[in-house]
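Source file: start.cif. Holds: mmCIF, C-alpha atoms and all ligand atoms.
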data_final
loop_
_atom_site.label_atom_id
_atom_site.label_comp_id
_atom_site.auth_asym_id
_atom_site.auth_seq_id
_atom_site.Cartn_x
_atom_site.Cartn_y
_atom_site.Cartn_z
CA MET A 72 -0.42 -17.39 1.41
CA ILE A 73 -0.61 -15.08 4.41
CA VAL A 74 -0.90 -11.35 4.00
CA ASN A 75 -1.16 -8.54 6.52
CA TYR A 76 -4.43 -6.93 5.62
CA MET A 77 -3.26 -3.67 7.20
CA GLU A 78 -0.59 -3.46 4.52
CA SER A 79 -3.17 -3.25 1.75
CA MET A 80 -5.16 -0.69 3.76
CA VAL A 81 -2.06 1.48 4.23
CA ASP A 82 -1.43 1.20 0.48
CA THR A 83 -4.96 2.29 -0.37
CA VAL A 84 -5.08 5.16 2.12
CA LEU A 85 -1.67 6.47 1.02
CA LYS A 86 -2.65 6.36 -2.67
CA ASN A 87 -5.91 8.17 -1.91
CA GLU A 88 -4.10 10.87 0.07
CA PHE A 89 -1.67 11.49 -2.79
CA THR A 90 -4.46 11.40 -5.38
CA PHE A 91 -7.04 13.57 -3.63
CA SER A 92 -4.82 16.01 -1.69
CA PRO A 93 -1.74 16.45 -3.93
CA GLU A 94 -1.18 20.03 -2.70
CA LYS A 95 -0.75 18.77 0.89
CA TYR A 96 2.04 16.44 -0.17
CA ALA A 97 3.82 18.42 -2.87
CA ASP A 98 7.05 18.23 -0.83
CA ILE A 99 6.87 14.46 -0.32
CA CYS A 100 9.21 12.33 -2.42
CA ARG A 101 7.41 9.42 -4.13
CA CYS A 102 10.43 7.22 -4.84
CA ASP A 103 10.30 3.57 -3.79
CA SER A 104 12.44 4.02 -0.67
CA CYS A 105 10.45 7.01 0.62
CA ILE A 106 7.12 5.26 -0.02
CA ALA A 107 8.47 2.15 1.74
CA PHE A 108 9.58 4.32 4.68
CA ILE A 109 6.10 5.89 4.99
CA LYS A 110 4.39 2.48 4.83
CA ALA A 111 6.76 0.82 7.32
CA THR A 112 6.33 3.70 9.78
CA ALA A 113 2.54 3.59 9.40
CA LEU A 114 2.45 -0.21 9.88
CA ASN A 115 4.53 0.09 13.06
CA HIS A 116 1.68 2.16 14.51
CA LEU A 117 -0.95 -0.46 13.64
CA SER A 118 -1.71 -3.93 14.93
CA PRO A 119 -1.28 -6.43 12.11
CA PHE A 120 -4.33 -8.33 10.89
CA TYR A 121 -3.29 -11.43 9.02
CA VAL A 122 -5.55 -13.13 6.52
CA THR A 123 -5.06 -16.22 4.42
CA THR A 124 -5.72 -16.10 0.72
CA VAL A 125 -5.18 -18.51 -2.12
CA THR A 126 -4.33 -16.00 -4.78
CA GLY A 127 -3.07 -13.10 -2.70
CA GLU A 128 -6.30 -11.32 -3.42
CA ILE A 129 -8.19 -10.11 -0.37
CA TYR A 130 -11.86 -10.87 -0.39
CA GLY A 131 -14.84 -8.74 0.49
CA GLU A 132 -15.42 -10.60 3.76
CA TYR A 133 -12.71 -8.42 5.32
CA ARG A 134 -14.26 -5.16 4.23
CA HIS A 135 -15.82 -4.67 7.67
CA LYS A 136 -12.28 -4.55 9.06
CA GLU A 137 -11.58 -1.74 6.66
CA ILE A 138 -14.45 0.37 7.97
CA GLN A 139 -13.51 -0.35 11.60
CA ASN A 140 -9.89 0.56 11.11
CA LEU A 141 -9.98 3.30 8.53
CA SER A 142 -9.46 6.20 10.93
CA ASP A 143 -6.56 4.42 12.68
CA VAL A 144 -4.94 3.73 9.32
CA MET A 145 -5.34 7.35 8.26
CA VAL A 146 -3.69 8.53 11.49
CA ALA A 147 -0.85 6.03 11.03
CA VAL A 148 -0.26 7.09 7.40
CA ALA A 149 -0.16 10.74 8.52
CA LYS A 150 2.49 9.76 11.10
CA GLY A 151 4.52 8.04 8.39
CA ILE A 152 4.38 11.12 6.17
CA GLU A 153 5.36 13.39 9.08
CA ALA A 154 8.26 11.09 9.97
CA LEU A 155 9.52 11.32 6.39
CA ARG A 156 9.23 15.12 6.48
CA ALA A 157 11.18 15.22 9.75
CA ALA A 158 13.95 12.87 8.57
CA PRO A 159 14.02 12.50 4.80
CA VAL A 160 15.35 9.12 3.69
CA HIS A 161 17.46 10.94 1.14
CA GLN A 162 17.88 14.57 0.26
CA PRO A 163 16.30 15.77 -2.97
CA VAL A 164 18.79 15.57 -5.79
CA GLN A 165 20.27 19.01 -6.32
CA ALA A 166 20.89 20.34 -9.79
CA ALA A 167 24.60 20.63 -10.39
CA ALA A 168 25.97 24.14 -9.96
CA PRO A 169 27.40 25.68 -13.13
CA SER A 170 31.17 25.41 -13.21
ZN ZN B 1 12.65 9.49 -2.08
#
What do you get writing this file as structure tokens?
Ligand SMILES: [Zn+2]
Amino acid sequence: MIVNYMESMVDTVLKNEFTFSPEKYADICRCDSCIAFIKATALNHLSPFYVTTVTGEIYGEYRHKEIQNLSDVMVAVAKGIEALRAAPVHQPVQAAAPS
């Protein structure tokens, strides 16, 4: 199968951001559509790097790509998060007002 290696890098960087800097992203919705929006926006700022794999697992031989591209991926993920902040995919669900 063919996978865009950048996609797995965006995944990893986004998870790390949420895990290690939760206070920075307290206002960011983590639902599937918002996460997909962040990833798609980030990937649109990156050149794809396609690799072939048998199992879908990406092997260590591409790790050098990761080091080369890490700062670009981090910038792209930040752009995706900012884009979501600027134009939320959906508004937070409001608690119903008492009637
Ligand atoms: Zn959401």
Go through the chains and note each residue within 7 Å of ligand ZN 1 (chain B), using only C-alpha atoms and all ligand atoms, then give the set as a list in words.
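With only C-alpha atoms and all ligand atoms and a cut-off of 7 Å, ligand ZN 1 (chain B) is contacted by Cys100, Arg101, Cys102, Asp103, Ser104, Cys105, Val160 and His161 of chain A.
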Contacts of Lys136 in chain A within 10 Å, all atoms listed in the file, excl. fewer than 3 positions in-chain, as a PyMOL selection string:
chain A and resi 76-77+80+120+131-133+139-141
Closest to Phe89 in chain A among A:Ala113, A:Ile152, A:Val74, A:Val144, using only C-alpha atoms?
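Once distances to Phe89 in chain A are computed over only C-alpha atoms, the minimum belongs to A:Ile152.
If you measure from each of A:Arg156, A:Lys150, A:His135, A:Lys95 to Val81 in chain A using only C-alpha atoms, the closest one turns out to be A:Lys150.
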Please, what distance in Å, to one decimal, runs between CA of Glu137 in chain A and CA of Leu155 in chain A?
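CA of Leu155 in chain A lies at a distance of 24.8 Å from CA of Glu137 in chain A.
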